[in-house]
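Just work_5.cif here, mmCIF, C-alpha atoms:
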data_my_file
loop_
_atom_site.label_atom_id
_atom_site.label_comp_id
_atom_site.auth_asym_id
_atom_site.auth_seq_id
_atom_site.Cartn_x
_atom_site.Cartn_y
_atom_site.Cartn_z
CA MET C 1 112.84 90.16 130.95
CA ALA C 2 109.74 91.01 128.92
CA MET C 3 107.58 89.32 131.60
CA GLU C 4 109.27 91.42 134.28
CA LEU C 5 108.53 94.59 132.34
CA GLU C 6 104.90 93.53 131.93
CA ALA C 7 104.66 92.97 135.70
CA ALA C 8 106.29 96.33 136.40
CA SER C 9 103.93 97.96 133.93
CA ALA C 10 100.94 96.35 135.62
CA LEU C 11 102.18 97.58 139.03
CA GLY C 12 102.64 101.05 137.57
CA VAL C 13 99.09 100.96 136.23
CA ALA C 14 97.77 100.00 139.66
CA GLU C 15 99.72 102.79 141.32
CA THR C 16 98.63 105.43 138.82
CA GLY C 17 95.09 104.18 139.22
CA LYS C 18 95.33 104.94 142.94
CA HIS C 19 96.75 108.40 142.53
CA GLY C 20 95.07 109.47 139.29
CA HIS C 21 98.18 110.24 137.17
CA GLY C 22 98.62 109.97 133.39
CA GLY C 23 95.85 112.07 131.87
CA HIS C 24 93.09 109.42 132.02
CA ASP C 25 90.19 108.96 134.42
CA ALA C 26 91.63 106.92 137.29
CA HIS C 27 88.16 105.60 138.17
CA ALA C 28 87.15 104.45 134.67
CA SER C 29 84.90 101.39 134.90
CA THR C 30 84.90 100.41 131.21
CA CYS C 31 87.66 99.63 128.72
CA ALA C 32 88.44 102.57 126.42
CA ASN C 33 89.06 100.15 123.55
CA CYS C 34 86.12 97.69 123.59
CA GLY C 35 83.80 99.06 126.30
CA ALA C 36 83.90 95.94 128.47
CA ALA C 37 83.51 96.28 132.24
CA LEU C 38 86.89 96.41 134.00
CA SER C 39 87.80 94.29 136.98
CA GLY C 40 91.57 94.79 137.10
CA PRO C 41 94.52 96.58 135.50
CA PHE C 42 93.86 94.87 132.12
CA CYS C 43 90.70 94.31 130.08
CA HIS C 44 89.72 90.62 130.22
CA LEU C 45 88.35 90.73 126.65
CA CYS C 46 90.87 92.65 124.53
CA GLY C 47 93.88 92.79 126.88
CA GLN C 48 94.32 96.58 126.79
CA HIS C 49 95.58 98.38 129.88
CA ALA C 50 92.80 99.82 131.98
CA HIS C 51 94.89 102.95 132.37
CA VAL C 52 95.61 104.71 129.08
CA HIS C 53 98.90 106.62 129.26
CA LYS C 54 99.24 109.99 127.55
CA SER C 55 102.86 110.96 128.05
CA LEU C 56 106.03 111.15 126.01
CA LEU C 57 107.72 108.90 128.55
CA HIS C 58 105.26 106.14 127.80
CA LEU C 59 105.98 106.42 124.08
CA GLY C 60 109.59 105.62 124.92
CA GLU C 61 108.44 102.69 127.04
CA GLU C 62 106.44 101.34 124.07
CA VAL C 63 109.51 101.55 121.84
CA LEU C 64 111.52 99.62 124.43
CA HIS C 65 108.71 97.09 124.78
CA GLY C 66 108.65 96.58 121.00
CA ILE C 67 112.40 96.05 120.89
CA LEU C 68 112.21 93.50 123.69
CA HIS C 69 109.43 91.64 121.92
CA PHE C 70 111.54 91.61 118.76
CA ASP C 71 114.41 90.36 120.87
CA ALA C 72 112.21 87.54 122.09
CA LYS C 73 111.14 86.47 118.59
CA GLY C 74 112.96 88.36 115.87
CA TRP C 75 116.44 88.03 117.31
CA ARG C 76 115.74 84.33 117.81
CA THR C 77 114.40 83.88 114.28
CA LEU C 78 116.94 85.81 112.18
CA PRO C 79 120.09 83.98 113.36
CA MET C 80 118.40 80.63 112.73
CA LEU C 81 117.17 81.82 109.34
CA VAL C 82 120.78 82.54 108.37
CA ALA C 83 122.68 79.70 110.05
CA ARG C 84 120.12 76.93 110.68
CA PRO C 85 117.28 77.45 108.20
CA GLY C 86 116.30 73.78 108.10
CA GLU C 87 115.87 73.57 111.86
CA LEU C 88 113.88 76.81 111.89
CA THR C 89 111.55 75.51 109.16
CA ARG C 90 111.11 72.12 110.83
CA ARG C 91 110.44 73.56 114.28
CA TYR C 92 107.82 75.96 112.94
CA ILE C 93 106.10 73.18 110.99
CA ASP C 94 106.13 70.97 114.09
CA GLY C 95 104.21 73.59 116.06
CA GLN C 96 106.72 75.90 117.75
CA ARG C 97 104.88 79.02 116.63
CA THR C 98 105.18 81.50 119.50
CA ARG C 99 108.98 81.20 119.66
CA PHE C 100 109.57 82.47 116.12
CA VAL C 101 108.34 85.17 113.76
CA SER C 102 105.80 83.64 111.40
CA PRO C 103 107.18 82.98 107.90
CA LEU C 104 104.60 85.20 106.24
CA ALA C 105 105.23 88.18 108.54
CA LEU C 106 108.98 87.77 108.15
CA PHE C 107 108.69 87.52 104.36
CA LEU C 108 106.59 90.69 104.07
CA PHE C 109 108.90 92.65 106.35
CA LEU C 110 112.13 91.56 104.63
CA VAL C 111 110.72 92.18 101.14
CA PHE C 112 109.83 95.72 102.22
CA PHE C 113 113.31 96.05 103.73
CA LEU C 114 114.90 94.79 100.49
CA PHE C 115 113.16 97.34 98.29
CA PHE C 116 113.86 100.09 100.82
CA VAL C 117 117.59 99.30 100.72
CA ALA C 118 117.49 98.99 96.94
CA SER C 119 115.88 102.43 96.61
CA LEU C 120 118.58 103.96 98.82
CA SER C 121 121.52 102.22 97.17
CA SER C 122 120.56 102.92 93.56
CA GLY C 123 120.61 106.31 91.94
CA PRO C 124 117.57 107.92 90.34
CA THR C 125 116.27 106.39 87.15
CA ARG C 126 117.05 108.54 84.14
CA VAL C 127 114.54 108.41 81.32
CA ASN C 128 115.85 109.93 78.11
CA ILE C 129 113.82 109.03 75.03
CA SER C 130 114.54 110.40 71.60
CA ASP C 131 111.21 109.55 69.93
CA PRO C 132 108.63 112.31 70.68
CA ALA C 133 105.72 109.87 70.70
CA SER C 134 107.45 107.55 73.16
CA LYS C 135 108.48 110.53 75.25
CA ALA C 136 104.89 111.76 75.47
CA GLU C 137 103.70 108.26 76.35
CA ALA C 138 106.34 107.97 79.06
CA ARG C 139 105.39 111.31 80.61
CA ALA C 140 101.70 110.42 80.55
CA GLU C 141 102.54 107.21 82.36
CA PHE C 142 104.46 109.09 85.05
CA VAL C 143 101.56 111.52 85.45
CA ARG C 144 99.20 108.57 85.92
CA GLU C 145 101.54 107.17 88.57
CA VAL C 146 101.37 110.49 90.45
CA GLU C 147 97.56 110.64 90.22
CA GLN C 148 97.24 107.05 91.42
CA ALA C 149 99.57 107.78 94.32
CA LYS C 150 97.47 110.83 95.27
CA ALA C 151 94.29 108.76 95.15
CA ALA C 152 95.92 106.05 97.27
CA LEU C 153 96.96 108.65 99.85
CA LEU C 154 93.41 110.00 100.10
CA ALA C 155 92.02 106.49 100.51
CA ALA C 156 94.67 105.30 102.98
CA ASP C 157 93.83 104.84 106.62
CA GLN C 158 95.99 106.30 109.37
CA GLY C 159 98.28 103.29 109.46
CA GLY C 160 98.94 103.33 105.71
CA GLN C 161 99.45 107.06 105.22
CA ALA C 162 103.21 106.97 105.74
CA GLU C 163 103.68 104.40 102.98
CA ALA C 164 101.22 106.23 100.69
CA LYS C 165 103.09 109.52 101.23
CA ALA C 166 106.38 107.83 100.39
CA GLU C 167 104.84 106.39 97.19
CA LEU C 168 103.56 109.84 96.20
CA ALA C 169 106.89 111.50 96.93
CA GLY C 170 108.71 108.93 94.83
CA ALA C 171 106.30 109.27 91.90
CA GLU C 172 106.52 113.08 91.98
CA LYS C 173 110.31 112.93 92.13
CA VAL C 174 110.48 110.68 89.07
CA LEU C 175 108.12 112.97 87.14
CA GLU C 176 110.21 115.99 88.12
CA LEU C 177 113.39 114.21 87.05
CA PHE C 178 111.83 113.28 83.71
CA ASP C 179 110.70 116.85 83.03
CA ARG C 180 114.18 118.12 83.88
CA THR C 181 116.31 115.58 81.99
CA GLY C 182 114.01 113.60 79.70
CA ALA C 183 114.17 116.16 76.90
CA ALA C 184 117.88 115.57 76.36
CA GLY C 185 117.23 112.61 74.10
CA SER C 186 120.82 111.46 74.31
CA GLU C 187 120.10 107.82 75.12
CA ARG C 188 118.99 105.40 72.46
CA ARG C 189 116.28 102.83 72.93
CA TRP C 190 117.25 99.19 73.22
CA PHE C 191 115.36 98.16 70.10
CA SER C 192 113.64 99.77 67.17
CA SER C 193 109.88 99.25 67.45
CA ASP C 194 109.56 98.31 63.78
CA LYS C 195 112.28 95.63 63.98
CA PHE C 196 111.87 94.11 67.42
CA THR C 197 109.46 91.18 67.68
CA MET C 198 108.92 88.55 70.34
CA LYS C 199 106.98 85.34 69.77
CA THR C 200 105.65 83.42 72.76
CA PRO C 201 102.46 81.41 73.23
CA TRP C 202 100.95 84.49 74.89
CA PRO C 203 100.30 87.51 72.63
CA ALA C 204 99.72 89.76 75.64
CA LEU C 205 103.20 88.92 76.92
CA ASP C 206 104.67 89.59 73.45
CA ALA C 207 103.09 93.04 73.46
CA ALA C 208 104.31 93.75 76.99
CA ILE C 209 107.88 92.73 76.13
CA LYS C 210 107.83 94.87 73.00
CA HIS C 211 106.56 97.85 74.97
CA ALA C 212 109.25 97.26 77.59
CA ALA C 213 111.97 97.09 74.93
CA GLU C 214 110.82 100.38 73.43
CA ASN C 215 110.85 102.16 76.81
CA PRO C 216 113.49 100.42 78.94
CA ALA C 217 114.00 103.13 81.56
CA LEU C 218 110.26 103.55 82.06
CA THR C 219 109.88 99.78 82.31
CA LEU C 220 112.69 99.55 84.86
CA TYR C 221 111.01 102.16 87.04
CA LYS C 222 107.65 100.39 86.85
CA LEU C 223 109.20 97.01 87.59
CA LYS C 224 110.94 98.41 90.67
CA SER C 225 107.73 100.02 91.91
CA SER C 226 105.67 96.88 91.25
CA GLY C 227 108.17 94.30 92.50
CA ALA C 228 107.34 94.76 96.18
CA LYS C 229 103.59 94.92 95.57
CA PHE C 230 103.48 91.59 93.75
CA SER C 231 106.24 89.78 95.62
CA PHE C 232 103.67 87.45 97.18
CA LEU C 233 103.29 85.83 93.75
CA LEU C 234 106.64 84.12 94.28
CA VAL C 235 105.07 81.76 96.82
CA PRO C 236 102.28 80.21 94.69
CA ILE C 237 104.68 80.03 91.73
CA SER C 238 107.22 78.13 93.85
CA LEU C 239 104.87 75.60 95.46
CA PRO C 240 104.30 73.32 92.44
CA PHE C 241 108.06 73.00 91.90
CA LEU C 242 108.64 72.09 95.53
CA TRP C 243 105.83 69.55 95.31
CA LEU C 244 107.61 67.88 92.38
CA LEU C 245 110.64 67.25 94.60
CA PHE C 246 108.66 65.38 97.27
CA PHE C 247 105.37 64.19 95.77
CA TRP C 248 106.14 60.52 96.49
CA ARG C 249 107.03 61.06 100.15
CA ARG C 250 104.33 60.52 102.75
CA GLY C 251 103.75 63.11 105.42
CA VAL C 252 105.02 66.04 103.34
CA THR C 253 102.22 68.51 102.71
CA MET C 254 101.79 71.74 100.76
CA TYR C 255 101.80 73.56 104.10
CA ASP C 256 105.34 72.29 104.68
CA HIS C 257 106.34 73.60 101.26
CA ALA C 258 104.71 76.98 101.94
CA VAL C 259 106.64 77.43 105.19
CA PHE C 260 109.86 76.34 103.44
CA SER C 261 109.23 78.74 100.55
CA LEU C 262 108.44 81.73 102.77
CA TYR C 263 111.50 81.28 104.98
CA SER C 264 113.72 80.66 101.96
CA LEU C 265 112.44 83.77 100.17
CA SER C 266 112.85 85.75 103.40
CA PHE C 267 116.51 84.80 103.53
CA MET C 268 117.01 85.68 99.86
CA ALA C 269 115.44 89.11 100.46
CA LEU C 270 117.77 89.67 103.41
CA MET C 271 120.76 88.51 101.39
CA PHE C 272 119.99 90.75 98.41
CA ALA C 273 119.48 93.73 100.71
CA LEU C 274 123.01 93.07 101.95
CA VAL C 275 124.22 92.64 98.35
CA PHE C 276 122.75 96.02 97.34
CA ALA C 277 124.39 97.69 100.32
CA ILE C 278 127.76 96.07 99.58
CA GLY C 279 127.49 96.97 95.91
CA ALA C 280 126.70 100.58 96.76
CA ALA C 281 129.85 100.63 98.89
CA GLY C 282 131.91 99.76 95.80
CA LEU C 283 132.54 96.11 96.69
CA GLY C 284 130.98 94.60 93.60
CA VAL C 285 133.22 91.52 93.65
CA VAL C 286 132.14 90.64 97.18
CA ALA C 287 128.48 91.19 96.28
CA GLY C 288 128.82 88.92 93.22
CA ALA C 289 130.50 86.21 95.30
CA LEU C 290 127.63 86.29 97.79
CA VAL C 291 125.05 85.88 95.03
CA LEU C 292 126.91 82.91 93.51
CA LEU C 293 127.96 81.03 96.64
CA VAL C 294 125.45 81.67 99.41
CA PRO C 295 122.08 80.56 97.88
CA PRO C 296 123.17 76.97 97.06
CA VAL C 297 124.60 76.47 100.55
CA HIS C 298 121.51 77.90 102.20
CA MET C 299 119.16 75.80 100.06
CA PHE C 300 121.13 72.65 100.91
CA LEU C 301 121.01 73.35 104.66
CA GLN C 302 117.34 74.20 104.61
CA LEU C 303 116.33 71.20 102.52
CA ARG C 304 118.28 68.79 104.65
CA GLY C 305 116.99 70.08 107.97
CA ALA C 306 113.40 70.82 106.98
CA TYR C 307 112.70 67.48 105.28
CA ALA C 308 115.13 65.24 107.23
CA LEU C 309 117.18 64.30 104.15
CA SER C 310 120.52 62.60 103.79
CA ARG C 311 123.42 64.51 102.22
CA GLY C 312 122.87 62.86 98.84
CA GLU C 313 119.11 63.47 98.87
CA ALA C 314 119.60 67.10 99.82
CA LEU C 315 122.36 67.58 97.23
CA TRP C 316 120.42 66.51 94.15
CA ARG C 317 117.36 68.40 95.32
CA THR C 318 119.51 71.51 95.78
CA VAL C 319 120.66 71.29 92.16
CA ALA C 320 117.09 70.78 91.00
CA LEU C 321 115.83 73.62 93.18
CA LEU C 322 118.43 76.01 91.80
CA CYS C 323 117.22 75.26 88.27
CA MET C 324 113.63 75.62 89.39
CA ALA C 325 114.44 78.94 91.05
CA GLY C 326 115.59 80.28 87.68
CA VAL C 327 112.30 79.21 86.10
CA VAL C 328 110.32 80.72 88.99
CA PHE C 329 112.17 84.01 88.61
CA LEU C 330 111.47 84.15 84.87
CA LEU C 331 107.78 83.38 85.42
CA TYR C 332 107.63 86.02 88.13
CA MET C 333 109.23 88.64 85.89
CA ALA C 334 106.80 87.76 83.08
CA LEU C 335 103.83 88.20 85.42
CA ILE C 336 105.20 91.47 86.76
CA LEU C 337 105.75 92.66 83.20
CA LEU C 338 102.15 91.85 82.32
CA LEU C 339 100.75 93.46 85.46
CA SER C 340 102.86 96.61 85.41
CA VAL C 341 103.54 97.28 81.72
CA ALA C 342 100.82 95.72 79.59
#
Whole structure, structure tokens version:
Amino acid sequence: MAMELEAASALGVAETGKHGHGGHDAHASTCANCGAALSGPFCHLCGQHAHVHKSLLHLGEEVLHGILHFDAKGWRTLPMLVARPGELTRRYIDGQRTRFVSPLALFLFLVFFLFFVASLSSGPTRVNISDPASKAEARAEFVREVEQAKAALLAADQGGQAEAKAELAGAEKVLELFDRTGAAGSERRWFSSDKFTMKTPWPALDAAIKHAAENPALTLYKLKSSGAKFSFLLVPISLPFLWLLFFWRRGVTMYDHAVFSLYSLSFMALMFALVFAIGAAGLGVVAGALVLLVPPVHMFLQLRGAYALSRGEALWRTVALLCMAGVVFLLYMALILLLSVA
């Protein structure tokens, strides 16, 4: 169907080229995008239409075209990601690239979708701090967040302005909420700064954890705002653990593990977006059941299909991978804490 629309579009371009409709020079001899000489309805170098439409109707056509392209790839990828993750991973590794959304693109999109759903399903973060020094520090941090968001908006290109504006609006809203409610001082801190200590091999992490314990609401806000930005760190953290499960098997490469990790994390992002939505609807028991039951089943199916394992081989690796996932999550949170709080 997409090919038919492309053919119809090309015919429409030819017809408008004859009659001079659409707000563009019908006799243009060079591509408006790259400047190459034109010899047909499409540029032979960059692929852009020779005729550049300038109508509201064409905007609707582009939306339809995008949906059809997503139907051709996205609607083929998502069902397999949910029901047949091992086959999806194996087919992509084996070279079937144009049929499916790439694992990296899918991961980035679903992580953004997860944090978007999480921001809608959770209420505003309340920051009430009784200690005046901590309160002043918290407000200064929120002011810095606003200034950084303003600077990011000024530096953003046209494509990134929408996201930058959303970041600025969120930062300003949190600052406004803090100024309106933060002076109440009715909530106690988790720990007293003179009693709480944390000893790890990394002093910087100890300091970050202590700071987080002293300002839990502020830390929660910063973790939520930094989680999407640094989500890519989950992939390099996961790869060594996946390698440990297969290092003695020939023909299994780090590329295979990267594709597996990206598709697996994409599914988890999709699942947790659903969990947040279900939880916001008041079905906490259902959300908890999904978190407990779905990941092991999905890991088992993906491991077995992606690496051509027997049931027994996939089962013990699933148990090991679940344990490793807990370690990966803790390492990820520690890195996020260092990057966003320290």
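In terms of minimum interatomic distance to Gly305 (chain C), C:Thr89 ranks closest within C:Thr89, C:Ser261, C:Thr98, C:Ser231, counting only C-alpha atoms.
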Open item on the list: Could you tell me, as a list in words, exactly which residues end up selected when the PyMOL selection byres ((chain C and resi 46) around 10) is applied to this structure?
Closed with: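 This file, filtered by the PyMOL selection byres ((chain C and resi 46) around 10), leaves Cys31, Asn33, Cys34, Gly35, Ala36, Phe42, Cys43, His44, Leu45, Gly47, Gln48 and His49 of chain C.
For the set C:Leu110, C:Ile237, C:Leu168, C:Ala140, the residue with the smallest atom-to-atom gap to Leu330 (chain C) is C:Ile237, counting all atoms listed in the file.
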Residue neighbourhood region 269-281 of chain C, 12 Å, only C-alpha atoms, exclusion window fewer than 2 positions, as a short mmCIF file (atom, residue, chain, number, x, y, z; two decimals) with C-alpha atoms, keeping the file's coordinate frame:
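Saved to around38.cif:
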data_model
loop_
_atom_site.label_atom_id
_atom_site.label_comp_id
_atom_site.auth_asym_id
_atom_site.auth_seq_id
_atom_site.Cartn_x
_atom_site.Cartn_y
_atom_site.Cartn_z
CA LEU C 78 116.94 85.81 112.18
CA PRO C 79 120.09 83.98 113.36
CA LEU C 81 117.17 81.82 109.34
CA VAL C 82 120.78 82.54 108.37
CA LEU C 106 108.98 87.77 108.15
CA PHE C 107 108.69 87.52 104.36
CA LEU C 108 106.59 90.69 104.07
CA PHE C 109 108.90 92.65 106.35
CA LEU C 110 112.13 91.56 104.63
CA VAL C 111 110.72 92.18 101.14
CA PHE C 112 109.83 95.72 102.22
CA PHE C 113 113.31 96.05 103.73
CA LEU C 114 114.90 94.79 100.49
CA PHE C 115 113.16 97.34 98.29
CA PHE C 116 113.86 100.09 100.82
CA VAL C 117 117.59 99.30 100.72
CA ALA C 118 117.49 98.99 96.94
CA SER C 119 115.88 102.43 96.61
CA LEU C 120 118.58 103.96 98.82
CA SER C 121 121.52 102.22 97.17
CA SER C 122 120.56 102.92 93.56
CA GLY C 123 120.61 106.31 91.94
CA GLY C 227 108.17 94.30 92.50
CA ALA C 228 107.34 94.76 96.18
CA SER C 231 106.24 89.78 95.62
CA LEU C 234 106.64 84.12 94.28
CA LEU C 262 108.44 81.73 102.77
CA TYR C 263 111.50 81.28 104.98
CA SER C 264 113.72 80.66 101.96
CA LEU C 265 112.44 83.77 100.17
CA SER C 266 112.85 85.75 103.40
CA PHE C 267 116.51 84.80 103.53
CA LEU C 283 132.54 96.11 96.69
CA GLY C 284 130.98 94.60 93.60
CA VAL C 285 133.22 91.52 93.65
CA VAL C 286 132.14 90.64 97.18
CA ALA C 287 128.48 91.19 96.28
CA GLY C 288 128.82 88.92 93.22
CA ALA C 289 130.50 86.21 95.30
CA LEU C 290 127.63 86.29 97.79
CA VAL C 291 125.05 85.88 95.03
CA LEU C 292 126.91 82.91 93.51
CA LEU C 293 127.96 81.03 96.64
CA VAL C 294 125.45 81.67 99.41
CA PRO C 295 122.08 80.56 97.88
CA HIS C 298 121.51 77.90 102.20
#
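For region 322-329 of chain C, the list of residues within 7 Å, based on only C-alpha atoms and with local chain neighbours fewer than 2 positions off taken out, reads Ile237, Ser238, Phe241, Thr318, Val319, Ala320, Leu331, Tyr332 and Met333 of chain C.
Interatomic distance, CA of Glu141 (chain C) to CA of Lys173 (chain C): 13.7 Å.
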For Phe260 (chain C), work out the shell of residues within 10 Å, counting all atoms listed in the file and skipping chain neighbours fewer than 3 positions away, then give it as a CSV table (one decimal) with C-alpha atoms, in the frame of the given file.
chain,number,residue,atom,x,y,z
C,85,PRO,CA,117.3,77.4,108.2
C,86,GLY,CA,116.3,73.8,108.1
C,88,LEU,CA,113.9,76.8,111.9
C,89,THR,CA,111.6,75.5,109.2
C,90,ARG,CA,111.1,72.1,110.8
C,92,TYR,CA,107.8,76.0,112.9
C,93,ILE,CA,106.1,73.2,111.0
C,103,PRO,CA,107.2,83.0,107.9
C,235,VAL,CA,105.1,81.8,96.8
C,239,LEU,CA,104.9,75.6,95.5
C,242,LEU,CA,108.6,72.1,95.5
C,254,MET,CA,101.8,71.7,100.8
C,255,TYR,CA,101.8,73.6,104.1
C,256,ASP,CA,105.3,72.3,104.7
C,257,HIS,CA,106.3,73.6,101.3
C,263,TYR,CA,111.5,81.3,105.0
C,264,SER,CA,113.7,80.7,102.0
C,265,LEU,CA,112.4,83.8,100.2
C,266,SER,CA,112.8,85.8,103.4
C,299,MET,CA,119.2,75.8,100.1
C,302,GLN,CA,117.3,74.2,104.6
C,303,LEU,CA,116.3,71.2,102.5
C,306,ALA,CA,113.4,70.8,107.0
C,307,TYR,CA,112.7,67.5,105.3
Task: Selection near Val143 (chain C), 8 Å with only C-alpha atoms, sequence-local residues under 4 positions removed, as a ChimeraX atom specification - done: /C:139,147,175
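Note that the spacing between CA of Trp243 (chain C) and CA of Leu321 (chain C) amounts to 11.0 Å.
Across the structure, CA of Ala258 (chain C) and CA of Pro236 (chain C) are spaced 8.3 Å apart.
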Task: Selected residue of minimal separation from Arg317 (chain C) among C:Leu337, C:Val252, C:Leu244, C:Leu38, counting only C-alpha atoms - done: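 Smallest distance to Arg317 (chain C) is found for C:Leu244.
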